[in-house]
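> This is the content of data24.cif (mmCIF, C-alpha atoms):
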data_protein
loop_
_atom_site.label_atom_id
_atom_site.label_comp_id
_atom_site.auth_asym_id
_atom_site.auth_seq_id
_atom_site.Cartn_x
_atom_site.Cartn_y
_atom_site.Cartn_z
CA MET A 557 -26.69 -3.77 48.45
CA GLY A 558 -28.08 -4.83 45.06
CA GLU A 559 -27.49 -1.36 43.79
CA SER A 560 -23.83 -1.37 44.82
CA ARG A 561 -23.28 -4.77 43.23
CA ALA A 562 -24.72 -3.42 40.00
CA GLY A 563 -22.40 -0.42 40.38
CA GLN A 564 -19.41 -2.76 40.81
CA GLY A 565 -20.41 -4.64 37.68
CA ALA A 566 -20.60 -1.40 35.74
CA LEU A 567 -17.24 -0.34 37.11
CA ARG A 568 -15.70 -3.67 36.13
CA SER A 569 -17.01 -3.44 32.56
CA LEU A 570 -15.74 0.15 32.41
CA TRP A 571 -12.28 -1.12 33.41
CA ARG A 572 -12.45 -3.83 30.81
CA LEU A 573 -13.43 -1.27 28.18
CA SER A 574 -10.61 1.10 29.10
CA ALA A 575 -8.12 -1.78 29.00
CA CYS A 576 -9.32 -2.59 25.49
CA VAL A 577 -8.99 1.05 24.44
CA CYS A 578 -5.48 1.18 25.91
CA ALA A 579 -4.45 -1.94 24.03
CA ALA A 580 -5.90 -0.55 20.81
CA LEU A 581 -4.05 2.75 21.29
CA LEU A 582 -0.82 0.91 21.99
CA ALA A 583 -1.24 -1.18 18.82
CA LEU A 584 -1.87 2.02 16.87
CA ALA A 585 1.22 3.65 18.34
CA ILE A 586 3.36 0.66 17.31
CA ALA A 587 1.87 0.55 13.82
CA GLY A 588 2.36 4.29 13.47
CA ALA A 589 6.08 4.09 14.22
CA GLY A 590 6.89 3.32 10.57
CA GLU A 591 7.39 -0.33 11.49
CA SER A 592 11.14 0.31 11.67
CA TRP A 593 11.69 -3.00 13.43
CA ARG A 594 10.99 -4.76 10.14
CA TYR A 595 13.96 -3.01 8.60
CA SER A 596 16.70 -4.09 10.95
CA VAL A 597 18.33 -7.41 11.74
CA ALA A 598 20.66 -7.66 14.73
CA GLU A 599 22.89 -4.57 14.52
CA ARG A 600 22.27 -4.17 10.80
CA ARG A 601 19.92 -1.33 9.91
CA SER A 602 18.41 -0.57 6.55
CA GLY A 603 18.70 2.99 5.23
CA TYR A 604 14.93 3.09 5.81
CA THR A 605 15.48 3.45 9.55
CA TYR A 606 17.49 6.64 8.99
CA LEU A 607 14.79 8.27 6.88
CA SER A 608 12.47 11.02 8.02
CA GLU A 609 8.88 9.94 8.57
CA ASP A 610 7.83 11.75 5.37
CA ASN A 611 10.21 9.73 3.26
CA GLN A 612 9.27 6.48 4.98
CA GLN A 613 5.64 7.15 4.11
CA LEU A 614 6.62 7.99 0.53
CA GLN A 615 8.40 4.65 0.21
CA ASP A 616 5.54 2.70 1.78
CA ASP A 617 2.87 4.24 -0.43
CA ASP A 618 2.72 2.18 -3.60
CA PHE A 619 1.03 5.01 -5.40
CA ALA A 620 3.24 7.94 -4.42
CA ASN A 621 6.59 6.10 -4.47
CA PRO A 622 8.15 7.35 -7.72
CA GLY A 623 10.20 4.15 -8.02
CA LEU A 624 7.01 2.34 -8.97
CA LEU A 625 7.09 4.21 -12.31
CA TRP A 626 10.15 2.14 -13.19
CA VAL A 627 8.46 -1.04 -12.00
CA GLU A 628 5.64 -0.32 -14.45
CA ARG A 629 8.12 0.35 -17.26
CA GLY A 630 9.93 -2.87 -16.40
CA ARG A 631 6.66 -4.78 -16.52
CA GLU A 632 6.15 -3.57 -20.09
CA LEU A 633 9.72 -4.48 -21.10
CA TRP A 634 9.23 -7.92 -19.56
CA GLN A 635 6.44 -8.56 -22.08
CA GLN A 636 8.08 -6.80 -25.01
CA ILE A 637 9.08 -9.09 -27.86
CA GLU A 638 12.46 -8.24 -29.37
CA SER A 639 12.50 -8.45 -33.12
CA THR A 640 15.73 -10.38 -33.64
CA ALA A 641 14.81 -13.65 -31.89
CA GLY A 642 11.09 -12.98 -31.60
CA THR A 643 11.08 -13.65 -27.89
CA SER A 644 10.62 -11.76 -24.64
CA CYS A 645 11.54 -12.26 -20.98
CA ALA A 646 8.01 -13.49 -20.38
CA ARG A 647 8.23 -16.17 -23.10
CA CYS A 648 10.79 -18.14 -21.03
CA HIS A 649 10.15 -16.95 -17.51
CA SER A 650 6.35 -16.45 -17.80
CA ASP A 651 4.94 -14.82 -14.69
CA ALA A 652 7.66 -12.81 -12.96
CA ALA A 653 5.76 -12.82 -9.67
CA THR A 654 6.60 -16.51 -9.26
CA SER A 655 9.65 -17.07 -11.47
CA MET A 656 11.58 -14.03 -10.24
CA ARG A 657 10.58 -14.24 -6.59
CA GLY A 658 13.72 -14.43 -4.46
CA VAL A 659 16.13 -13.77 -7.33
CA ARG A 660 17.19 -10.34 -6.08
CA THR A 661 18.22 -11.80 -2.70
CA ARG A 662 20.90 -14.03 -4.27
CA TYR A 663 22.77 -11.47 -6.41
CA PRO A 664 25.64 -10.85 -7.01
CA ARG A 665 26.49 -14.53 -7.35
CA PHE A 666 29.42 -16.49 -8.76
CA ASP A 667 29.06 -17.25 -12.43
CA PRO A 668 30.96 -20.39 -13.52
CA GLN A 669 30.72 -19.41 -17.17
CA GLY A 670 32.57 -16.12 -16.76
CA GLY A 671 34.70 -17.28 -13.82
CA LYS A 672 33.75 -14.23 -11.77
CA LEU A 673 30.80 -12.57 -10.06
CA ILE A 674 27.75 -11.41 -11.93
CA ASN A 675 25.11 -8.99 -10.67
CA LEU A 676 21.45 -8.66 -11.57
CA GLU A 677 21.98 -5.99 -14.22
CA GLN A 678 24.63 -8.11 -15.92
CA GLN A 679 22.47 -11.22 -15.69
CA ILE A 680 19.64 -9.40 -17.47
CA ASN A 681 21.99 -8.28 -20.22
CA ARG A 682 23.47 -11.76 -20.52
CA CYS A 683 19.99 -13.22 -20.94
CA ARG A 684 19.22 -10.63 -23.61
CA ALA A 685 22.42 -11.39 -25.50
CA GLU A 686 22.35 -15.19 -25.29
CA ARG A 687 18.69 -16.13 -25.23
CA MET A 688 17.03 -13.24 -26.99
CA HIS A 689 19.85 -12.25 -29.38
CA ALA A 690 19.05 -8.69 -28.45
CA SER A 691 21.40 -5.80 -27.83
CA SER A 692 22.61 -5.23 -24.29
CA TYR A 693 21.19 -2.26 -22.46
CA PRO A 694 23.87 0.25 -21.47
CA TYR A 695 24.56 0.30 -17.73
CA GLU A 696 22.35 2.86 -15.94
CA SER A 697 20.09 3.24 -18.99
CA ASP A 698 16.45 3.76 -18.19
CA ALA A 699 15.54 0.39 -19.71
CA LEU A 700 18.08 -1.59 -17.68
CA LEU A 701 17.09 0.23 -14.50
CA ALA A 702 13.43 -0.45 -15.19
CA LEU A 703 13.92 -4.16 -15.83
CA THR A 704 16.25 -4.57 -12.84
CA THR A 705 13.78 -2.75 -10.62
CA PHE A 706 10.90 -4.85 -11.90
CA VAL A 707 12.78 -8.11 -11.26
CA ALA A 708 14.02 -6.99 -7.84
CA PHE A 709 10.52 -5.78 -6.92
CA GLN A 710 9.29 -9.40 -7.09
CA SER A 711 11.50 -10.21 -4.08
CA ARG A 712 10.22 -7.37 -1.93
CA GLY A 713 10.24 -8.34 1.73
CA LEU A 714 12.49 -11.38 1.34
CA PRO A 715 15.80 -11.38 3.24
CA ILE A 716 19.11 -10.76 1.45
CA ASP A 717 20.88 -14.10 1.22
CA VAL A 718 24.06 -14.00 -0.87
CA ARG A 719 26.64 -16.81 -0.98
CA ILE A 720 30.17 -15.86 -0.05
CA ASP A 721 31.68 -19.32 0.30
CA GLY A 722 33.16 -21.63 -2.34
CA PRO A 723 34.15 -20.00 -5.62
CA ALA A 724 32.71 -16.63 -4.53
CA GLN A 725 35.13 -16.40 -1.61
CA PRO A 726 38.10 -14.65 -3.33
CA PHE A 727 35.78 -12.09 -4.90
CA PHE A 728 34.16 -11.48 -1.56
CA ALA A 729 37.62 -10.93 -0.07
CA ALA A 730 38.45 -8.47 -2.86
CA GLY A 731 35.22 -6.60 -2.17
CA LYS A 732 35.99 -6.47 1.53
CA ALA A 733 39.49 -5.13 0.81
CA LEU A 734 37.99 -2.39 -1.35
CA TYR A 735 35.52 -1.54 1.40
CA GLU A 736 38.35 -1.09 3.88
CA GLN A 737 40.79 0.67 1.57
CA ARG A 738 41.42 4.39 2.11
CA ARG A 739 41.01 6.38 -1.05
CA GLY A 740 40.73 9.87 -2.52
CA GLN A 741 41.88 13.24 -1.29
CA LEU A 742 39.83 12.81 1.86
CA ASP A 743 41.65 9.52 2.48
CA LEU A 744 38.53 7.72 3.68
CA ALA A 745 37.43 4.11 3.31
CA CYS A 746 33.78 3.02 3.16
CA THR A 747 34.19 1.53 6.60
CA HIS A 748 35.10 4.87 8.22
CA CYS A 749 31.75 6.51 7.54
CA HIS A 750 29.45 3.53 7.26
CA GLU A 751 30.69 1.47 10.18
CA ARG A 752 32.63 3.63 12.58
CA TYR A 753 30.46 6.74 12.28
CA ALA A 754 27.12 5.29 11.15
CA GLY A 755 24.29 7.01 12.99
CA GLN A 756 26.28 10.21 13.53
CA ARG A 757 25.88 13.38 11.55
CA LEU A 758 27.77 14.49 8.48
CA ARG A 759 26.73 18.10 7.91
CA GLY A 760 22.94 18.03 7.53
CA ASP A 761 22.64 14.28 7.15
CA VAL A 762 22.72 11.24 9.36
CA ILE A 763 25.23 8.71 8.03
CA SER A 764 23.59 5.37 7.34
CA GLN A 765 25.23 1.97 7.32
CA GLY A 766 25.29 2.11 3.54
CA GLN A 767 23.09 -0.96 3.09
CA ILE A 768 21.99 -1.83 -0.44
CA ASN A 769 18.88 -3.90 0.24
CA GLY A 770 16.64 -1.23 -1.32
CA PHE A 771 18.47 -0.83 -4.64
CA PRO A 772 17.77 0.34 -7.27
CA ILE A 773 16.62 3.35 -5.25
CA TYR A 774 14.75 6.52 -6.04
CA ARG A 775 17.11 9.16 -4.71
CA HIS A 776 15.93 12.72 -4.16
CA THR A 777 19.44 14.08 -4.75
CA TRP A 778 19.38 12.55 -8.22
CA GLN A 779 15.71 13.25 -8.88
CA THR A 780 15.63 9.84 -10.49
CA LEU A 781 16.25 6.15 -9.97
CA GLY A 782 19.81 4.87 -9.61
CA SER A 783 21.70 1.60 -9.33
CA THR A 784 24.02 0.35 -6.61
CA HIS A 785 27.01 1.14 -8.79
CA ARG A 786 25.90 4.69 -9.36
CA MET A 787 25.77 5.06 -5.58
CA PHE A 788 29.26 3.58 -5.20
CA ALA A 789 30.57 5.99 -7.83
CA TRP A 790 28.80 8.86 -6.09
CA CYS A 791 30.36 7.89 -2.76
CA ASN A 792 33.80 7.54 -4.36
CA THR A 793 33.51 10.96 -5.96
CA SER A 794 32.38 12.43 -2.65
CA VAL A 795 35.65 11.45 -0.99
CA ARG A 796 37.32 12.91 -4.09
CA SER A 797 38.58 9.72 -5.61
CA GLU A 798 38.30 8.51 -9.18
CA PRO A 799 35.28 6.20 -9.40
CA TYR A 800 35.43 2.84 -11.20
CA PRO A 801 33.25 2.39 -14.28
CA LEU A 802 29.68 1.25 -13.57
CA GLY A 803 29.46 -2.51 -13.97
CA SER A 804 33.20 -2.98 -13.35
CA ASP A 805 34.48 -6.08 -11.58
CA GLU A 806 35.65 -3.94 -8.65
CA TYR A 807 32.14 -2.67 -8.04
CA VAL A 808 30.51 -6.10 -8.45
CA ASN A 809 32.93 -7.48 -5.84
CA LEU A 810 32.12 -4.57 -3.56
CA GLU A 811 28.42 -5.16 -4.19
CA LEU A 812 28.75 -8.73 -2.91
CA PHE A 813 30.53 -7.58 0.23
CA VAL A 814 28.00 -4.84 0.95
CA ALA A 815 25.09 -7.22 0.26
CA TRP A 816 26.57 -9.68 2.77
CA HIS A 817 27.13 -6.78 5.16
CA GLY A 818 23.34 -6.33 5.14
CA ARG A 819 22.44 -10.04 5.07
CA GLY A 820 18.97 -10.77 6.37
CA LEU A 821 17.65 -7.28 5.63
CA PRO A 822 14.49 -7.32 3.52
CA VAL A 823 14.56 -6.33 -0.15
CA GLU A 824 12.89 -2.90 -0.33
CA THR A 825 13.18 -2.21 -4.05
CA PRO A 826 12.33 0.45 -5.07
CA ALA A 827 13.37 2.23 -1.88
CA VAL A 828 13.23 6.00 -1.49
CA ARG A 829 16.35 7.69 -0.15
CA ARG A 830 17.63 11.21 0.29
CA MET B 1474 8.45 7.30 -22.14
CA ALA B 1475 6.25 9.38 -19.92
CA GLU B 1476 3.88 7.64 -17.62
CA THR B 1477 0.93 8.91 -15.70
CA ARG B 1478 -0.60 7.44 -12.60
CA VAL B 1479 -3.93 8.58 -11.23
CA ARG B 1480 -5.90 7.36 -8.25
CA VAL B 1481 -9.58 8.26 -8.13
CA PRO B 1482 -12.13 6.45 -5.94
CA SER B 1483 -14.17 4.22 -8.27
CA THR B 1484 -17.38 4.95 -6.37
CA ALA B 1485 -18.51 7.85 -4.17
CA ARG B 1486 -21.68 9.26 -2.62
CA ARG B 1487 -23.16 12.37 -4.18
CA GLY B 1488 -21.68 15.45 -2.51
CA GLU B 1489 -18.80 13.51 -1.00
CA VAL B 1490 -15.39 15.20 -0.93
CA ILE B 1491 -12.97 12.87 -2.73
CA GLU B 1492 -9.18 12.91 -2.80
CA ILE B 1493 -7.48 12.54 -6.17
CA LYS B 1494 -3.82 11.58 -6.40
CA THR B 1495 -1.69 12.02 -9.50
CA LEU B 1496 1.87 11.21 -10.45
CA LEU B 1497 3.71 11.80 -13.72
CA SER B 1498 7.19 10.80 -14.82
CA HIS B 1499 8.88 13.92 -16.10
CA PRO B 1500 12.44 15.31 -15.78
CA MET B 1501 11.28 18.85 -14.78
CA GLU B 1502 14.51 20.38 -16.05
CA THR B 1503 14.78 23.77 -14.33
CA GLY B 1504 16.64 25.70 -17.01
CA HIS B 1505 19.25 26.73 -14.48
CA ARG B 1506 21.57 23.74 -14.80
CA ARG B 1507 24.56 23.44 -17.09
CA ASP B 1508 25.85 20.38 -18.90
CA VAL B 1509 29.45 19.13 -18.76
CA TYR B 1510 30.45 21.67 -21.41
CA GLY B 1511 29.04 24.59 -19.42
CA LYS B 1512 26.12 25.07 -21.78
CA LEU B 1513 22.78 25.92 -20.22
CA ILE B 1514 20.30 23.02 -20.40
CA PRO B 1515 17.01 24.47 -21.71
CA ARG B 1516 14.06 24.59 -19.36
CA GLN B 1517 11.70 21.64 -19.79
CA ILE B 1518 9.03 21.63 -17.11
CA ILE B 1519 5.34 20.95 -16.81
CA HIS B 1520 3.87 24.44 -16.55
CA THR B 1521 0.16 23.65 -16.44
CA PHE B 1522 -1.94 20.92 -14.90
CA THR B 1523 -5.69 20.74 -15.34
CA CYS B 1524 -8.43 18.39 -14.24
CA THR B 1525 -11.84 18.42 -15.90
CA TYR B 1526 -14.87 16.59 -14.57
CA ASN B 1527 -17.30 15.73 -17.37
CA GLY B 1528 -15.84 18.59 -19.38
CA VAL B 1529 -15.95 21.14 -16.55
CA GLU B 1530 -12.65 22.32 -15.15
CA VAL B 1531 -12.49 21.61 -11.41
CA PHE B 1532 -8.79 22.09 -10.74
CA ARG B 1533 -5.91 23.91 -12.36
CA ALA B 1534 -2.32 24.48 -11.24
CA ASP B 1535 0.54 26.55 -12.66
CA TRP B 1536 3.91 25.05 -11.93
CA HIS B 1537 7.34 26.66 -11.78
CA PRO B 1538 10.95 25.47 -11.95
CA ALA B 1539 11.17 24.60 -8.24
CA VAL B 1540 8.85 21.60 -8.62
CA ALA B 1541 10.77 18.31 -8.36
CA ALA B 1542 11.10 15.68 -11.07
CA ASN B 1543 8.28 13.12 -11.34
CA PRO B 1544 5.79 15.49 -9.75
CA TYR B 1545 3.15 14.14 -7.37
CA LEU B 1546 -0.03 16.12 -6.81
CA ALA B 1547 -3.01 15.38 -4.60
CA PHE B 1548 -6.12 17.52 -4.43
CA PHE B 1549 -9.78 17.35 -3.46
CA THR B 1550 -13.00 17.79 -5.36
CA VAL B 1551 -16.69 17.11 -4.77
CA ALA B 1552 -18.27 14.06 -6.38
CA THR B 1553 -21.27 15.53 -8.21
CA GLU B 1554 -22.24 12.95 -10.82
CA SER B 1555 -21.05 9.76 -12.47
CA GLY B 1556 -18.68 10.32 -15.31
CA ARG B 1557 -15.20 10.88 -16.51
CA LEU B 1558 -12.29 12.84 -15.06
CA ARG B 1559 -9.63 13.99 -17.48
CA PHE B 1560 -6.15 15.00 -16.40
CA GLU B 1561 -3.74 16.99 -18.54
CA TRP B 1562 -0.17 18.03 -18.00
CA ILE B 1563 1.41 20.45 -20.50
CA ASP B 1564 5.16 20.97 -20.70
CA ASP B 1565 7.48 23.56 -22.27
CA GLU B 1566 7.83 21.58 -25.47
CA GLY B 1567 4.08 21.71 -25.85
CA THR B 1568 3.62 18.00 -25.20
CA VAL B 1569 0.32 17.17 -23.57
CA TYR B 1570 0.28 14.14 -21.30
CA ALA B 1571 -3.28 13.08 -20.68
CA THR B 1572 -5.14 10.34 -18.88
CA GLU B 1573 -8.70 9.68 -17.80
CA ALA B 1574 -10.52 7.96 -14.96
CA GLU B 1575 -14.10 6.88 -14.39
CA ILE B 1576 -16.13 7.54 -11.29
CA THR B 1577 -19.57 6.21 -10.30
CA VAL B 1578 -21.59 8.46 -8.03
CA ALA B 1579 -24.48 6.84 -6.19
#
Let me see whether you can do it: turn the structure in this file into structure tokens.

Amino acid sequence: MGESRAGQGALRSLWRLSACVCAALLALAIAGAGESWRYSVAERRSGYTYLSEDNQQLQDDDFANPGLLWVERGRELWQQIESTAGTSCARCHSDAATSMRGVRTRYPRFDPQGGKLINLEQQINRCRAERMHASSYPYESDALLALTTFVAFQSRGLPIDVRIDGPAQPFFAAGKALYEQRRGQLDLACTHCHERYAGQRLRGDVISQGQINGFPIYRHTWQTLGSTHRMFAWCNTSVRSEPYPLGSDEYVNLELFVAWHGRGLPVETPAVRR
Amino acid sequence: MAETRVRVPSTARRGEVIEIKTLLSHPMETGHRRDVYGKLIPRQIIHTFTCTYNGVEVFRADWHPAVAANPYLAFFTVATESGRLRFEWIDDEGTVYATEAEITVA
């Protein structure tokens, strides 16, 4: 009798142990799934969720992710004093980790001074011109990419939250019109691939929703880092249409629409993409 | 503006197998591409990587044009004694990119 009770006790503790092990295994399985749930909001999915596991790991690893090279460069530029006005980004904004946190989530935004939208790259150049009396970096130059990536990196994990009401509204509408406009020899609009056929295959690739929450991105096709506008131009060229110049109003408007299209998705800068 | 990144465990037990990770920013131009005028872009790749541990070579790699830009390399070595690891990348222009890391072996 006593012996069987002891046996029951042992059995019960064995059950408890196996339940614990099961729970631990389940937790491991969830953690091992690339945590894709963090990269989607409602029906909106970050490009991260379309990546192979290898590339997801590459993005998540702060050592191996090649985009971090640009973050480091940007950190240096942030401190660098420009000769003309004897000032640097850090002189005004001090620690980027606090002063620049959340900035990436709000761009492009309406700029009352220029009467149109302004994106992060343009804001950096404006600051350089007006506050630092320094020369503007050319669009897509390594320096501008590095500084943009460094600033955007400070908002990593925060949800995209652009304003499309008020004065930004007409520009948002223009961006939306561009997104839905057929163009090029292939006669395709952004919306055809990235909304209607997102998730399906285009030759060897799965078409993503074309979200820009991870920009600037390190793109394997380019073997380097690239801006949102470079991607737009690449997409335009791919449907055999003439791209707009990088930094053009058309692309900034489109950038606002696409940012809103992915509202709530976390900033992933610097993301790794194919 | 080349940058090197190296990750070496700061401490290790004697005889322990340690993983070393390296990353370098480099264009790794293959020599097979042409510019917009159709002219061949000269090859500009890292062709040799070496790692020395207190002056003794523990790892060497010869690289070829198929290696991607901003090459990442991870390898293993045995922690023998406290000291300094030196990493060198040599490219076609003869530039040597070098960096060092300290390790304490208990």
> On this file, the PyMOL selection byres ((chain A and resi 819) around 12) gives some set of residues; write that set as an MDAnalysis selection string.
chainID A and resid 595:602 661:663 714:720 767:769 812:818 820:823
> Now that the selection is made, can you save its residues with C-alpha atoms as a PDB file, in the frame of the given file?

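The result, stored in again-v6.pdb:
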ATOM      1  CA  TYR A 595      13.960  -3.010   8.600  1.00  0.00           C
ATOM      2  CA  SER A 596      16.700  -4.090  10.950  1.00  0.00           C
ATOM      3  CA  VAL A 597      18.330  -7.410  11.740  1.00  0.00           C
ATOM      4  CA  ALA A 598      20.660  -7.660  14.730  1.00  0.00           C
ATOM      5  CA  GLU A 599      22.890  -4.570  14.520  1.00  0.00           C
ATOM      6  CA  ARG A 600      22.270  -4.170  10.800  1.00  0.00           C
ATOM      7  CA  ARG A 601      19.920  -1.330   9.910  1.00  0.00           C
ATOM      8  CA  SER A 602      18.410  -0.570   6.550  1.00  0.00           C
ATOM      9  CA  THR A 661      18.220 -11.800  -2.700  1.00  0.00           C
ATOM     10  CA  ARG A 662      20.900 -14.030  -4.270  1.00  0.00           C
ATOM     11  CA  TYR A 663      22.770 -11.470  -6.410  1.00  0.00           C
ATOM     12  CA  LEU A 714      12.490 -11.380   1.340  1.00  0.00           C
ATOM     13  CA  PRO A 715      15.800 -11.380   3.240  1.00  0.00           C
ATOM     14  CA  ILE A 716      19.110 -10.760   1.450  1.00  0.00           C
ATOM     15  CA  ASP A 717      20.880 -14.100   1.220  1.00  0.00           C
ATOM     16  CA  VAL A 718      24.060 -14.000  -0.870  1.00  0.00           C
ATOM     17  CA  ARG A 719      26.640 -16.810  -0.980  1.00  0.00           C
ATOM     18  CA  ILE A 720      30.170 -15.860  -0.050  1.00  0.00           C
ATOM     19  CA  GLN A 767      23.090  -0.960   3.090  1.00  0.00           C
ATOM     20  CA  ILE A 768      21.990  -1.830  -0.440  1.00  0.00           C
ATOM     21  CA  ASN A 769      18.880  -3.900   0.240  1.00  0.00           C
ATOM     22  CA  LEU A 812      28.750  -8.730  -2.910  1.00  0.00           C
ATOM     23  CA  PHE A 813      30.530  -7.580   0.230  1.00  0.00           C
ATOM     24  CA  VAL A 814      28.000  -4.840   0.950  1.00  0.00           C
ATOM     25  CA  ALA A 815      25.090  -7.220   0.260  1.00  0.00           C
ATOM     26  CA  TRP A 816      26.570  -9.680   2.770  1.00  0.00           C
ATOM     27  CA  HIS A 817      27.130  -6.780   5.160  1.00  0.00           C
ATOM     28  CA  GLY A 818      23.340  -6.330   5.140  1.00  0.00           C
ATOM     29  CA  GLY A 820      18.970 -10.770   6.370  1.00  0.00           C
ATOM     30  CA  LEU A 821      17.650  -7.280   5.630  1.00  0.00           C
ATOM     31  CA  PRO A 822      14.490  -7.320   3.520  1.00  0.00           C
ATOM     32  CA  VAL A 823      14.560  -6.330  -0.150  1.00  0.00           C
TER      33      VAL A 823
END
> Can you work out the spacing between atom CA of A:Ser650 and atom CA of A:Leu703 in Å, to one decimal?
14.6 Å
> Counting all atoms listed in the file, figure out which residue out of A:Asn621, A:Gln615, A:Gln765, A:Ser804 gets nearest to chain B.
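Among A:Asn621, A:Gln615, A:Gln765, A:Ser804, it is A:Asn621 that comes nearest to chain B.
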> Running the PyMOL selection byres ((chain B) within 9 of (chain A)) on this model by hand, what would come out? Give it as a ChimeraX atom specification.
/B:1474,1476-1480,1494-1498,1500,1541-1545
> If we count all atoms listed in the file, what is near B:Thr1553 at a cut-off of 8 Å, once residues fewer than 5 positions away on the same chain are taken out, given as a PyMOL selection string?
chain B and resi 1487-1489+1578
> Out of B:Leu1513, B:Val1569, B:Ala1534, B:Ala1547, which residue has the shortest atom-to-atom distance to B:His1499 when counting only C-alpha atoms?
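Comparing B:Leu1513, B:Val1569, B:Ala1534, B:Ala1547 against B:His1499, the winner is B:Val1569.
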> Near A:Ala646, within 10 Å and counting all atoms listed in the file, which residues show up once chain neighbours fewer than 2 positions away are dropped, as a list in words?
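The filter keeps Arg631, Leu633, Trp634, Gln635, Gln636, Ile637, Thr643, Ser644, Cys648, His649, Ser650, Asp651, Ala652 and Ser655 of chain A.
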> Applying 8 Å and all atoms listed in the file, which residues near A:Ala827 remain after dropping the ones on its own chain fewer than 5 positions away? List them as a CSV table (one decimal) with C-alpha atoms, keeping the file's coordinate frame.

chain,number,residue,atom,x,y,z
A,604,TYR,CA,14.9,3.1,5.8
A,615,GLN,CA,8.4,4.6,0.2
A,623,GLY,CA,10.2,4.2,-8.0
A,770,GLY,CA,16.6,-1.2,-1.3
A,771,PHE,CA,18.5,-0.8,-4.6
A,772,PRO,CA,17.8,0.3,-7.3
A,773,ILE,CA,16.6,3.4,-5.2
A,774,TYR,CA,14.8,6.5,-6.0
> When you look at B:Thr1577 with a cut-off of 10 Å (counting all atoms listed in the file), what residues show up, excluding the ones that are within fewer than 3 positions of it in the same chain? I need them as a PyMOL selection string.
chain B and resi 1482-1487+1552-1557
> Please measure the separation of atom CA of A:Arg682 and atom CA of A:Pro668, giving the value in Å to one decimal.
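Calculated distance between atom CA of A:Arg682 and atom CA of A:Pro668 is 13.4 Å.
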> What does the structure give for the distance between atom CA of A:Pro726 and atom CA of A:Val808, in Å to one decimal?
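Atom-to-atom, atom CA of A:Pro726 to atom CA of A:Val808, that is 12.5 Å.
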> Need to verify the contact set: B:Thr1523, 10 Å, only C-alpha atoms, exclusion of same-chain residues closer than 4 positions in sequence. Can you return it as a list in words?
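In the requested form, the answer reads Glu1530, Val1531, Phe1532, Arg1533, Ala1534, Asp1535, Arg1559, Phe1560, Glu1561, Trp1562, Ile1563 and Ala1571 of chain B.
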> Quick one: write out the picked residues with C-alpha atoms as a PDB file, in the coordinates of the input?

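Result written to selection-v1.pdb:
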ATOM      1  CA  GLU B1530     -12.650  22.320 -15.150  1.00  0.00           C
ATOM      2  CA  VAL B1531     -12.490  21.610 -11.410  1.00  0.00           C
ATOM      3  CA  PHE B1532      -8.790  22.090 -10.740  1.00  0.00           C
ATOM      4  CA  ARG B1533      -5.910  23.910 -12.360  1.00  0.00           C
ATOM      5  CA  ALA B1534      -2.320  24.480 -11.240  1.00  0.00           C
ATOM      6  CA  ASP B1535       0.540  26.550 -12.660  1.00  0.00           C
ATOM      7  CA  ARG B1559      -9.630  13.990 -17.480  1.00  0.00           C
ATOM      8  CA  PHE B1560      -6.150  15.000 -16.400  1.00  0.00           C
ATOM      9  CA  GLU B1561      -3.740  16.990 -18.540  1.00  0.00           C
ATOM     10  CA  TRP B1562      -0.170  18.030 -18.000  1.00  0.00           C
ATOM     11  CA  ILE B1563       1.410  20.450 -20.500  1.00  0.00           C
ATOM     12  CA  ALA B1571      -3.280  13.080 -20.680  1.00  0.00           C
TER      13      ALA B1571
END
> Nearest to B:Met1501 among B:Val1551, B:Ile1576, B:Cys1524, B:Ile1519, with distances taken over all atoms listed in the file: which residue is it?
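Comparing B:Val1551, B:Ile1576, B:Cys1524, B:Ile1519 against B:Met1501, the winner is B:Ile1519.
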> Translate the PyMOL selection byres ((chain B and resi 1536) around 9), as applied to the file shown, into an explicit residue set as a list in words.
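Taken on the displayed file, the PyMOL selection byres ((chain B and resi 1536) around 9) yields the residues Ile1518, Ile1519, His1520, Thr1521, Phe1522, Ala1534, Asp1535, His1537, Pro1538, Ala1539 and Val1540 of chain B.
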> Counting all atoms listed in the file, which residue out of B:Glu1566, B:Asp1508, B:Glu1492, B:Glu1575 sits closest to B:Tyr1526?
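Once distances to B:Tyr1526 are computed over all atoms listed in the file, the minimum belongs to B:Glu1575.
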